[in-house]
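Trainee: This is the structure I want to talk about, given as structure tokens.
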Amino acid sequence: MTRQPLPSRKEANEKLLQAESLFKAYMKEHEMRCTNERIIVLREIYKSSNHLDADEIFVRLKKKGMSISRATVYHTLDLLFKCHLVTKIDLGHKHTHYEKSHGVANHLHIICEHCGKVVEVTSNELAAMLEELCLGNGFALESFSLQVFGKCMDPDCENKPKT
């Protein structure tokens, strides 16, 4: 297993432009209005290197002076999920987080149950196992995002119980 590499600024910008193009095509195909608010939600996710929840996105956009409602953020996230541009993930915080998915390799998240630290890793072996599992059950693997919960071994883990 290897840590998920960070894309270069140029690669990240190309992925954003591709995602915007796909989102606009999706909205046109489904006869939806392509509003500036929807595009700025997409951009906020694709420019972030973090896993964001809907309220974090809303607050970030408000701080930037954007005129947007919480309902628009939630609705846009649902649209982005339906057109496979974001993935919903559970990081153990009792609410959904979102991350960009276009042009992102299948990966898993390892999450510390004490401090909440999240590490993204890729594994060719795991991908092969999941593909075999899907095929054995009559499915073709499209993508995956997996969350694994454990306890980090960092001696400075801020919430680690005292022994």
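Chain labels follow the order of the structure tokens: the first chain is A, the next B, and so on; residue numbering restarts at 1 in every chain, and ligands are counted from 1 in their shown order.
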Which residues, written as number ranges by chain, have at least one atom at most 7 Å from region 45-49 of chain A, with only C-alpha atoms counted and residues fewer than 5 positions away on the same chain left out?
Mentor: A: 16, 99-100
Trainee: Per DSSP on the backbone, what are the helix (DSSP H, G or I) residues of region 15-152 of chain A, as number ranges by chain?
Mentor: A: 15-29, 36-47, 54-63, 70-82, 124-136
Trainee: I'd like the contact shell of Glu56 (chain A) - 12 Å cut-off, only C-alpha atoms, skipping same-chain residues fewer than 3 positions apart - returned as a list in words.
Mentor: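 The residues that qualify are Val41, Glu44, Ile45, Ser48, Asn50, His51, Leu52, Asp53, Val59, Arg60, Leu61, Lys62, Lys63, Arg70, Val73, Tyr74, His95, Thr96, His97 and Tyr98 of chain A.
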Trainee: Can you tell me, as a ChimeraX atom specification, what residues are no more than 12 Å from Gln18 (chain A) when counting only C-alpha atoms, ignoring any on the same chain fewer than 6 positions away?
Mentor: /A:11-12,24-25,42-43,46,85,100-103
Trainee: Pick the closest to Asn106 (chain A) from A:Asp78, A:Glu120, A:Glu29, A:Glu37: which is it, counting only C-alpha atoms?
Mentor: A:Glu120
Trainee: Report as a VMD selection string all protein, DNA and RNA residues lying within 9 Å of Cys152 (chain A), evaluated on only C-alpha atoms, omitting residues in the same chain fewer than 3 positions from it.
Mentor: chain A and resid 111 to 115 117 155 157 160
Trainee: Measuring atom to atom with only C-alpha atoms, identify which of A:Val86, A:Met66, A:Leu79, A:Cys134 is nearest to His30 (chain A).
Mentor: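 Ranking A:Val86, A:Met66, A:Leu79, A:Cys134 by distance to His30 (chain A), first place goes to A:Leu79.
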Trainee: Between A:His75, A:Glu142, A:Leu133, A:Glu20, which is the closest to Ala105 (chain A) once you count only C-alpha atoms?
Mentor: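 Distance minimum relative to Ala105 (chain A) lands on A:Glu142.
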Trainee: Give me, please, the distance in Å between CA of Ser143 (chain A) and CA of Lys82 (chain A), quoted to one decimal.
Mentor: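 Calculated distance between CA of Ser143 (chain A) and CA of Lys82 (chain A) is 14.0 Å.
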Trainee: Got a sec to tell me which of region 30-159 of chain A DSSP assigns to strand (DSSP E), as a VMD selection string?
Mentor: chain A and resid 86 to 90 96 to 100 107 to 112 118 to 122 145 to 150
Trainee: Enter the distance from CA of Gly92 (chain A) to CA of Gly116 (chain A), in Å, rounded to one decimal.
Mentor: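 Interatomic distance, CA of Gly92 (chain A) to CA of Gly116 (chain A): 8.1 Å.
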Trainee: Between CA of Ser21 (chain A) and CA of Val104 (chain A), measure the distance and give it in Å to one decimal.
Mentor: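 Those two atoms sit 16.3 Å apart.
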